[in-house]
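Shown next: work.cif, containing mmCIF, C-alpha atoms and all ligand atoms.
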```cif
data_input
loop_
_atom_site.label_atom_id
_atom_site.label_comp_id
_atom_site.auth_asym_id
_atom_site.auth_seq_id
_atom_site.Cartn_x
_atom_site.Cartn_y
_atom_site.Cartn_z
CA MET A 1 18.18 -24.59 -38.53
CA VAL A 2 15.97 -24.74 -35.41
CA HIS A 3 15.59 -21.36 -33.69
CA CYS A 4 15.35 -21.70 -29.94
CA VAL A 5 12.57 -19.64 -28.41
CA MET A 6 13.81 -17.01 -26.02
CA THR A 7 12.98 -18.20 -22.48
CA THR A 8 12.53 -14.63 -21.30
CA PRO A 9 10.81 -12.07 -23.54
CA SER A 10 12.63 -8.77 -23.88
CA ARG A 11 9.66 -7.04 -22.22
CA VAL A 12 7.83 -9.05 -19.55
CA THR A 13 4.21 -8.07 -19.08
CA LEU A 14 2.46 -8.07 -15.71
CA THR A 15 0.33 -11.01 -16.79
CA GLN A 16 3.34 -13.01 -18.00
CA HIS A 17 5.09 -12.36 -14.68
CA ILE A 18 2.03 -13.38 -12.68
CA LEU A 19 1.64 -16.58 -14.70
CA ARG A 20 5.32 -17.39 -14.31
CA LYS A 21 4.93 -17.01 -10.54
CA GLN A 22 1.94 -19.34 -10.72
CA THR A 23 4.15 -22.14 -12.11
CA GLU A 24 6.05 -22.03 -8.78
CA HIS A 25 2.87 -23.31 -7.12
CA PRO A 26 1.93 -26.68 -8.73
CA GLY A 27 -1.47 -26.84 -7.02
CA ALA A 28 -2.44 -23.34 -8.14
CA THR A 29 -5.91 -23.03 -9.67
CA GLY A 30 -5.11 -19.79 -11.49
CA GLN A 31 -7.56 -17.76 -9.41
CA LEU A 32 -4.83 -15.66 -7.77
CA SER A 33 -3.26 -15.00 -11.17
CA SER A 34 -6.62 -13.89 -12.49
CA LEU A 35 -7.20 -11.71 -9.43
CA LEU A 36 -3.85 -9.94 -9.68
CA THR A 37 -4.33 -9.40 -13.41
CA GLN A 38 -7.79 -7.94 -12.78
CA ILE A 39 -6.37 -5.55 -10.18
CA GLY A 40 -4.07 -4.34 -12.94
CA VAL A 41 -7.14 -3.79 -15.11
CA ALA A 42 -8.76 -1.74 -12.33
CA GLY A 43 -5.57 0.33 -12.22
CA LYS A 44 -5.91 1.11 -15.92
CA LEU A 45 -9.54 2.16 -15.47
CA ILE A 46 -8.67 4.40 -12.52
CA GLN A 47 -5.62 6.01 -14.11
CA ALA A 48 -7.68 6.87 -17.17
CA GLN A 49 -9.85 9.05 -14.92
CA VAL A 50 -7.05 10.37 -12.70
CA ARG A 51 -5.30 11.56 -15.87
CA ARG A 52 -8.32 13.70 -16.71
CA ALA A 53 -9.15 14.92 -13.21
CA GLY A 54 -9.15 18.61 -14.06
CA LEU A 55 -10.75 18.23 -17.45
CA ILE A 56 -14.03 16.46 -16.93
CA GLU A 57 -15.20 18.36 -13.87
CA ILE A 58 -14.65 15.39 -11.55
CA TRP A 59 -12.20 17.48 -9.58
CA GLY A 60 -13.13 18.51 -6.10
CA ALA A 61 -15.36 16.97 -3.53
CA THR A 62 -18.75 15.39 -4.01
CA GLY A 63 -19.91 17.06 -0.85
CA ASP A 64 -20.44 13.61 0.64
CA THR A 65 -18.43 12.25 3.57
CA ASN A 66 -17.16 8.67 3.98
CA VAL A 67 -17.12 6.36 7.01
CA GLN A 68 -13.92 8.14 8.10
CA GLY A 69 -15.82 11.43 8.22
CA GLU A 70 -13.62 12.69 5.36
CA THR A 71 -14.90 14.55 2.33
CA VAL A 72 -15.27 12.07 -0.51
CA GLN A 73 -13.55 13.25 -3.66
CA LYS A 74 -15.25 12.26 -6.87
CA LEU A 75 -12.20 10.24 -7.91
CA ASP A 76 -12.50 8.25 -4.68
CA ARG A 77 -15.90 7.09 -5.79
CA ILE A 78 -14.71 6.29 -9.30
CA ALA A 79 -11.79 4.30 -7.95
CA GLN A 80 -14.04 2.52 -5.46
CA ASP A 81 -16.62 1.58 -8.10
CA ALA A 82 -13.96 0.42 -10.56
CA LEU A 83 -12.32 -1.86 -8.01
CA VAL A 84 -15.57 -3.30 -6.66
CA ASP A 85 -16.88 -4.08 -10.15
CA VAL A 86 -13.63 -5.64 -11.37
CA LEU A 87 -13.14 -7.73 -8.22
CA LYS A 88 -16.80 -8.78 -8.02
CA TYR A 89 -16.72 -10.27 -11.52
CA SER A 90 -13.15 -11.64 -11.34
CA GLY A 91 -14.38 -15.08 -10.24
CA ALA A 92 -11.61 -15.04 -7.63
CA VAL A 93 -13.05 -12.93 -4.80
CA ALA A 94 -15.54 -13.90 -2.06
CA GLY A 95 -15.46 -10.67 -0.08
CA MET A 96 -13.80 -7.29 0.09
CA ALA A 97 -13.31 -4.42 2.53
CA SER A 98 -12.65 -0.84 1.45
CA GLU A 99 -11.78 2.41 3.16
CA GLU A 100 -14.83 3.85 1.43
CA GLU A 101 -17.35 1.31 2.77
CA HIS A 102 -18.51 1.06 6.37
CA ASP A 103 -19.04 -2.71 6.12
CA SER A 104 -17.39 -5.47 4.12
CA ILE A 105 -18.81 -6.30 0.69
CA GLU A 106 -19.78 -9.92 0.05
CA VAL A 107 -19.68 -11.26 -3.51
CA PRO A 108 -22.78 -13.29 -4.52
CA PRO A 109 -21.94 -17.03 -4.09
CA ALA A 110 -22.48 -17.68 -7.80
CA LEU A 111 -19.63 -15.25 -8.56
CA ALA A 112 -17.47 -15.91 -5.49
CA GLY A 113 -13.92 -17.25 -5.54
CA ASP A 114 -11.28 -18.20 -2.98
CA TYR A 115 -9.88 -14.80 -1.99
CA ILE A 116 -10.57 -11.85 0.28
CA VAL A 117 -9.34 -8.40 -0.77
CA VAL A 118 -8.86 -5.32 1.42
CA PHE A 119 -8.09 -2.01 -0.26
CA ASP A 120 -7.82 1.74 -0.08
CA PRO A 121 -9.14 2.66 -3.53
CA LEU A 122 -7.44 6.04 -3.68
CA ASP A 123 -4.97 6.87 -0.94
CA GLY A 124 -3.87 10.47 -0.71
CA SER A 125 -7.07 11.70 -2.30
CA SER A 126 -6.93 14.95 -0.31
CA ASN A 127 -4.11 15.82 -2.76
CA ILE A 128 -6.16 15.30 -5.92
CA ASP A 129 -6.83 18.99 -6.58
CA ALA A 130 -3.12 19.75 -6.24
CA ASN A 131 -2.18 17.12 -8.82
CA VAL A 132 -0.01 15.26 -6.31
CA SER A 133 0.51 11.55 -7.02
CA ILE A 134 -2.02 9.24 -5.36
CA GLY A 135 -2.57 5.52 -5.35
CA THR A 136 -4.48 2.32 -4.69
CA ILE A 137 -3.29 -0.01 -1.92
CA PHE A 138 -4.46 -3.64 -1.67
CA GLY A 139 -3.95 -6.80 0.37
CA ILE A 140 -5.10 -10.35 -0.47
CA PHE A 141 -6.01 -13.20 1.90
CA LYS A 142 -7.23 -16.75 1.24
CA ARG A 143 -10.82 -17.13 2.52
CA LYS A 144 -11.09 -19.27 5.67
CA ASP A 145 -14.35 -21.11 4.93
CA PRO A 146 -15.38 -22.28 1.44
CA HIS A 147 -19.07 -21.90 2.23
CA GLU A 148 -19.37 -18.52 3.92
CA VAL A 149 -17.50 -15.27 4.31
CA LEU A 150 -16.55 -14.77 7.94
CA ARG A 151 -15.80 -11.64 9.96
CA THR A 152 -12.46 -13.29 10.71
CA ASP A 153 -11.72 -13.35 6.98
CA PHE A 154 -11.04 -9.63 7.44
CA LEU A 155 -10.12 -9.26 11.11
CA ARG A 156 -6.87 -11.23 11.02
CA PRO A 157 -3.16 -10.35 11.32
CA GLY A 158 -1.59 -9.00 8.14
CA ARG A 159 0.96 -11.81 8.33
CA GLU A 160 -1.78 -14.10 6.92
CA MET A 161 -1.83 -12.18 3.62
CA ILE A 162 -0.71 -14.14 0.59
CA ALA A 163 -0.13 -11.07 -1.61
CA ALA A 164 -0.16 -7.28 -1.40
CA GLY A 165 0.60 -4.31 -3.60
CA TYR A 166 -0.16 -0.80 -4.71
CA ILE A 167 -0.75 1.18 -7.89
CA ILE A 168 0.64 4.72 -8.11
CA TYR A 169 -0.93 7.27 -10.45
CA SER A 170 1.92 9.70 -11.03
CA SER A 171 4.29 10.70 -13.86
CA SER A 172 3.61 7.12 -14.90
CA THR A 173 1.26 4.46 -13.60
CA VAL A 174 3.22 1.87 -11.66
CA VAL A 175 2.09 -1.43 -10.13
CA VAL A 176 4.19 -2.89 -7.33
CA TYR A 177 3.17 -6.24 -5.86
CA THR A 178 4.58 -9.12 -3.86
CA ASP A 179 3.57 -12.74 -3.24
CA GLY A 180 5.73 -12.58 -0.13
CA THR A 181 8.85 -13.79 -1.90
CA SER A 182 9.87 -11.01 -4.31
CA VAL A 183 8.66 -7.43 -4.75
CA ASP A 184 8.33 -6.47 -8.42
CA GLY A 185 7.44 -3.21 -10.15
CA PHE A 186 5.65 -2.69 -13.47
CA THR A 187 5.12 0.45 -15.51
CA LEU A 188 2.11 1.02 -17.74
CA ASP A 189 2.96 1.76 -21.35
CA PRO A 190 -0.01 3.93 -22.33
CA ALA A 191 0.68 3.34 -26.04
CA ALA A 192 0.38 -0.42 -25.59
CA GLY A 193 -2.14 -0.35 -22.74
CA GLU A 194 0.04 -2.94 -20.98
CA TYR A 195 2.19 -3.02 -17.85
CA PHE A 196 5.83 -4.06 -18.37
CA LEU A 197 8.30 -5.26 -15.73
CA SER A 198 10.41 -2.21 -14.88
CA ARG A 199 11.83 -2.99 -11.43
CA PRO A 200 12.37 -6.73 -10.81
CA ASN A 201 13.06 -7.93 -7.26
CA ILE A 202 12.97 -4.57 -5.46
CA ARG A 203 15.06 -4.56 -2.26
CA MET A 204 14.73 -1.80 0.32
CA PRO A 205 18.21 -0.27 0.94
CA ASP A 206 19.53 -0.90 4.47
CA LYS A 207 20.64 2.74 4.87
CA THR A 208 18.10 5.49 5.62
CA LYS A 209 18.54 8.36 3.17
CA VAL A 210 15.03 9.83 3.49
CA LEU A 211 12.91 10.78 6.50
CA SER A 212 9.17 11.16 5.94
CA VAL A 213 7.09 12.61 8.77
CA ASN A 214 4.61 15.48 9.10
CA GLU A 215 6.66 17.66 11.46
CA CYS A 216 3.70 19.97 12.03
CA ASN A 217 2.28 17.22 14.24
CA GLU A 218 5.15 17.73 16.70
CA PRO A 219 2.94 19.29 19.42
CA TYR A 220 0.94 16.04 19.49
CA TRP A 221 3.83 13.54 19.29
CA PRO A 222 4.57 10.96 21.99
CA LYS A 223 7.82 11.71 23.86
CA TRP A 224 10.00 9.32 21.78
CA VAL A 225 9.31 10.90 18.37
CA LYS A 226 11.27 14.17 18.65
CA PRO A 227 14.50 12.50 19.89
CA TYR A 228 14.05 9.85 17.20
CA VAL A 229 13.71 12.45 14.44
CA GLU A 230 16.67 14.38 15.86
CA THR A 231 18.75 11.19 15.92
CA ILE A 232 18.09 10.55 12.24
CA LYS A 233 18.74 14.21 11.32
CA GLY A 234 21.86 14.17 13.52
CA ARG A 235 23.55 11.91 10.96
CA ASN A 236 24.02 14.96 8.77
CA ASP A 237 27.27 16.74 9.46
CA HIS A 238 28.84 19.98 8.32
CA ASP A 239 29.80 18.89 4.86
CA LYS A 240 27.59 15.92 4.02
CA ARG A 241 23.81 15.60 4.10
CA ARG A 242 23.14 11.91 4.56
CA VAL A 243 19.42 12.19 5.22
CA SER A 244 16.84 14.39 3.46
CA SER A 245 13.29 15.18 4.51
CA ARG A 246 10.68 14.18 1.95
CA HIS A 247 6.96 14.04 2.86
CA ILE A 248 4.25 14.71 0.31
CA GLY A 249 1.28 13.61 2.37
CA SER A 250 0.42 10.73 0.06
CA LEU A 251 1.36 7.55 1.91
CA VAL A 252 1.60 5.32 -1.13
CA SER A 253 3.95 7.77 -2.90
CA ASP A 254 6.03 8.46 0.20
CA PHE A 255 6.37 4.72 0.73
CA HIS A 256 7.25 3.97 -2.90
CA ARG A 257 10.07 6.55 -2.89
CA ASN A 258 11.35 5.24 0.46
CA LEU A 259 11.19 1.62 -0.75
CA LEU A 260 13.42 2.49 -3.72
CA TYR A 261 15.81 5.01 -2.12
CA GLY A 262 15.89 3.79 1.51
CA GLY A 263 13.70 5.87 3.77
CA VAL A 264 11.76 5.80 7.02
CA PHE A 265 8.13 6.92 7.06
CA LEU A 266 6.44 7.46 10.38
CA TYR A 267 2.97 8.52 11.40
CA PRO A 268 2.82 8.05 15.16
CA ALA A 269 -0.35 8.01 17.20
CA ASP A 270 -0.78 11.46 18.73
CA SER A 271 -2.28 13.01 21.82
CA ARG A 272 -5.33 14.29 19.91
CA THR A 273 -6.71 10.83 19.27
CA ASN A 274 -4.39 8.42 21.09
CA LYS A 275 -4.62 6.51 17.83
CA GLY A 276 -2.68 6.71 14.59
CA LYS A 277 -4.25 8.22 11.49
CA LEU A 278 -3.40 5.40 9.06
CA ARG A 279 -5.67 2.40 8.71
CA LEU A 280 -4.33 -0.96 9.70
CA LEU A 281 -6.15 -3.30 7.29
CA TYR A 282 -5.72 -1.59 3.94
CA GLU A 283 -2.87 0.88 4.40
CA CYS A 284 -0.43 -0.31 7.08
CA ASN A 285 -0.69 -4.08 6.56
CA PRO A 286 -0.19 -4.23 2.77
CA LEU A 287 2.77 -1.84 2.90
CA ALA A 288 4.23 -3.73 5.87
CA PHE A 289 3.92 -6.98 3.90
CA ILE A 290 5.73 -5.39 0.96
CA ALA A 291 8.41 -3.82 3.18
CA GLN A 292 9.09 -7.18 4.83
CA ALA A 293 9.36 -8.98 1.46
CA ALA A 294 11.83 -6.28 0.31
CA GLY A 295 14.02 -6.70 3.42
CA GLY A 296 12.59 -3.77 5.39
CA TYR A 297 10.32 -3.74 8.44
CA ALA A 298 7.16 -2.08 9.76
CA SER A 299 6.23 -1.59 13.39
CA ASN A 300 3.65 0.22 15.50
CA GLY A 301 6.49 1.02 17.91
CA LEU A 302 5.76 -1.97 20.13
CA GLY A 303 6.09 -4.78 17.59
CA PRO A 304 5.47 -5.87 13.99
CA ILE A 305 2.49 -4.29 12.26
CA LEU A 306 1.84 -7.68 10.66
CA ASP A 307 1.21 -9.29 14.05
CA LEU A 308 -1.50 -6.84 15.13
CA GLN A 309 -4.93 -8.39 15.63
CA PRO A 310 -7.55 -6.01 14.15
CA THR A 311 -10.75 -5.47 16.14
CA ALA A 312 -12.64 -3.58 13.42
CA LEU A 313 -12.38 -2.98 9.66
CA HIS A 314 -11.27 0.64 10.06
CA ASP A 315 -8.81 0.24 12.93
CA ARG A 316 -5.98 2.74 12.88
CA ALA A 317 -2.38 2.20 13.93
CA THR A 318 0.92 3.97 14.49
CA LEU A 319 3.10 3.23 11.46
CA ILE A 320 6.90 3.27 11.37
CA ILE A 321 8.11 1.66 8.14
CA GLY A 322 11.49 1.53 6.43
CA PRO A 323 14.98 0.02 6.77
CA LYS A 324 14.89 -2.61 9.51
CA ALA A 325 17.67 -1.12 11.67
CA ASP A 326 16.00 2.31 11.95
CA VAL A 327 12.54 0.89 12.59
CA GLU A 328 14.03 -1.22 15.37
CA LEU A 329 15.76 1.96 16.66
CA ALA A 330 12.30 3.53 16.93
CA GLU A 331 11.08 0.51 18.92
CA ARG A 332 14.00 0.92 21.35
CA MET A 333 13.27 4.64 21.76
CA VAL A 334 9.59 3.94 22.41
CA LYS A 335 10.70 1.79 25.34
CA GLU A 336 13.32 4.30 26.49
CA TYR A 337 10.86 7.22 26.57
CA ALA A 338 7.86 5.25 27.82
P1 LIG A 401 -1.42 14.32 7.44
C1 LIG A 401 -3.75 10.89 2.99
O1 LIG A 401 -4.97 11.50 3.38
C2 LIG A 401 -3.27 10.04 4.16
O2 LIG A 401 -4.22 9.11 4.52
C3 LIG A 401 -1.96 9.36 3.77
O3 LIG A 401 -1.87 9.09 2.43
C4 LIG A 401 -0.93 10.36 4.22
O4 LIG A 401 0.32 9.77 4.56
C5 LIG A 401 -1.58 10.97 5.47
O5 LIG A 401 -2.98 10.89 5.27
C6 LIG A 401 -1.17 12.40 5.65
O6 LIG A 401 -1.79 12.83 6.86
O7 LIG A 401 -2.07 14.35 8.80
O8 LIG A 401 0.08 14.37 7.52
O9 LIG A 401 -1.99 15.28 6.46
#
```
Please go through the file and, once you have read it, give me the structure as structure tokens.
Ligand code: P6P
Amino acid sequence: MVHCVMTTPSRVTLTQHILRKQTEHPGATGQLSSLLTQIGVAGKLIQAQVRRAGLIEIWGATGDTNVQGETVQKLDRIAQDALVDVLKYSGAVAGMASEEEHDSIEVPPALAGDYIVVFDPLDGSSNIDANVSIGTIFGIFKRKDPHEVLRTDFLRPGREMIAAGYIIYSSSTVVVYTDGTSVDGFTLDPAAGEYFLSRPNIRMPDKTKVLSVNECNEPYWPKWVKPYVETIKGRNDHDKRRVSSRHIGSLVSDFHRNLLYGGVFLYPADSRTNKGKLRLLYECNPLAFIAQAAGGYASNGLGPILDLQPTALHDRATLIIGPKADVELAERMVKEYA
């Protein structure tokens, strides 16, 4: 009796999934697979520290400030160092840009590979001391020139990304990534030390059930925001609440919930800065790439986030991200209230 081998294991690991995706690209060298797998390793290293934040005195700020002028939390530095080390020695990366570094980081040519990685090592880190879920956000580009890392390797529209994802450190550690075709979620089994496929082919619901915005910024909002928020809230009637407000101030967590349940997140530019707060390269673009692959949409109010041409590594942008119809509604209201 010949036993046929199951074509799909009962529990698909992150690495198995990545390798299966690789078979869809006959010319693939395996570098992207290695890179994505190594990002998963970095996630394990970071979550091991996040899990112990209050226990090994790494809570609280280092007293330093980063290029954004924000207080650097000790976990920020741990996350930054873990990612840089893992990516530098992955054999797949030529250069990287991080929220925590003023300039891009070039990998020594002897170690360099074909890819460019942009990342926020620990988004939401102002919430660390309150034990609110935080996360790593990353985007991956193919390098432009095989012989040198160019400024334009980083300053390019997000649409040129070939993969993007995030890792959330919460009740469990979850990796969500896309190669632009499907968006897939993996949960770390701490007992096995391995990520297993937990949410294959995530699709963003078309209907908005959640609204995520910091309403205390209302005094600084452009004219279109208040009527937009009221329009969304106005869908609730006497006996049925169709939309709930959920905003925990950790972009990656707010986005993950909205991706699964159907929700709009917005952080508009405000009159204090005339710029948005969120960073284009390593916050807005990766999440916009994921939203698009899941059937959603992300805009700066005037057009797709993914079409924006960055002028500097730490550019900021207005972000409206969620079900396509309600992001497009925001774009119409921006025009109407201009
Ligand atoms: P505000 C966290 O510091 C962060 O960068 C995002 O994760 C989050 O969405 C945003 O800032 C919250 O900003 O101004 O509402 O506190």
Using all atoms listed in the file, find each protein or nucleic acid residue lying at most 9 Å from ligand LIG 401 (chain A); present the set as number ranges by chain. A: 70, 122-127, 134-135, 213-217, 247-255, 265-267, 277-279, 283
Show me as a list in words the residues that reach within 12 Å of (-18.3, 2.9, 2.7), counting all atoms listed in the file and using the file's own coordinates.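 Output: Asp64, Thr65, Asn66, Val67, Gln68, Gly69, Glu70, Val72, Asp76, Arg77, Gln80, Asp81, Val84, Met96, Ala97, Ser98, Glu99, Glu100, Glu101, His102, Asp103, Ser104, Ile105, Phe119, Asp120, Pro121, Leu313 and His314 of chain A.
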Could you check the closest approach to Gly43 (chain A) for each of A:Pro108, A:Pro146, A:Gly322, A:Gly193 and tell me which residue wins, using all atoms listed in the file? A:Gly193
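Shortest separation to Val149 (chain A) among A:Ala294, A:Val107, A:Val183, A:Leu45 occurs at residue A:Val107, atoms counted being only C-alpha atoms.
Using only C-alpha atoms, the contacts of Cys284 (chain A) at a cut-off of 9 Å, with sequence neighbours closer than 3 positions omitted, comprise Gly158, Leu278, Arg279, Leu280, Leu281, Leu287, Ala288, Phe289, Ala298, Ile305, Leu306, Arg316, Ala317, Thr318, Leu319 and Ile321 of chain A.
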Close residues, Gly139 (chain A) itself excluded, 6 Å, all atoms listed in the file, min 6 positions apart in chain, as a list in words: Val117, Val118, Ala164 and Pro286 of chain A
Export of prior selection with C-alpha atoms as a PDB file, keeping the file's coordinate frame:
```pdb
ATOM      1  CA  VAL A 117      -9.340  -8.400  -0.770  1.00  0.00           C
ATOM      2  CA  VAL A 118      -8.860  -5.320   1.420  1.00  0.00           C
ATOM      3  CA  ALA A 164      -0.160  -7.280  -1.400  1.00  0.00           C
ATOM      4  CA  PRO A 286      -0.190  -4.230   2.770  1.00  0.00           C
TER       5      PRO A 286
END
```
Would you mind telling me which residue in A:Val229, A:Ser90, A:Asp326, A:Tyr169 lies nearest to Val50 (chain A) when using all atoms listed in the file?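 Distance minimum relative to Val50 (chain A) lands on A:Tyr169.
The closest residue to Ser171 (chain A), picked from A:Glu331, A:Asp189, A:Asp239, A:Asp114 and counting all atoms listed in the file, is A:Asp189.
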Counting all atoms listed in the file, which residue out of A:Pro227, A:Gly165, A:Pro190, A:Gly27 sits closest to Leu329 (chain A)?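 Closest candidate: A:Pro227.
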How many Å separate CA of Phe141 (chain A) from CA of Asn300 (chain A)?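 Distance between the two atoms: 21.4 Å.
Here the question is which of A:Ile232, A:Val176, A:Ala312, A:Val264 gets nearest to Phe154 (chain A) using only C-alpha atoms, and that residue is A:Ala312.
The gap separating CA of Ala291 (chain A) from CA of Leu35 (chain A) is 21.6 Å, in Å to one decimal.
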Between CA of Pro222 (chain A) and CA of Val334 (chain A), distance in Å (one decimal):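 One can read the CA of Pro222 (chain A) to CA of Val334 (chain A) distance as 8.6 Å.
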Using only C-alpha atoms, give me every residue within 10 Å of (10.2, 11.6, 21.9) in file coordinates, as a CSV table (one decimal) with C-alpha atoms, keeping the file's coordinate frame.
```csv
chain,number,residue,atom,x,y,z
A,218,GLU,CA,5.2,17.7,16.7
A,221,TRP,CA,3.8,13.5,19.3
A,222,PRO,CA,4.6,11.0,22.0
A,223,LYS,CA,7.8,11.7,23.9
A,224,TRP,CA,10.0,9.3,21.8
A,225,VAL,CA,9.3,10.9,18.4
A,226,LYS,CA,11.3,14.2,18.6
A,227,PRO,CA,14.5,12.5,19.9
A,228,TYR,CA,14.0,9.8,17.2
A,229,VAL,CA,13.7,12.4,14.4
A,230,GLU,CA,16.7,14.4,15.9
A,330,ALA,CA,12.3,3.5,16.9
A,333,MET,CA,13.3,4.6,21.8
A,334,VAL,CA,9.6,3.9,22.4
A,336,GLU,CA,13.3,4.3,26.5
A,337,TYR,CA,10.9,7.2,26.6
A,338,ALA,CA,7.9,5.2,27.8
```
With 5 Å of padding per side, what axis-aligned box (centre and edge lengths, Å, one decimal) covers all the listed atoms of region 28-33 of chain A? Give it as JSON.
```
{"center_x": -5.0, "center_y": -19.2, "center_z": -9.6, "size_x": 15.1, "size_y": 18.3, "size_z": 13.7}
```
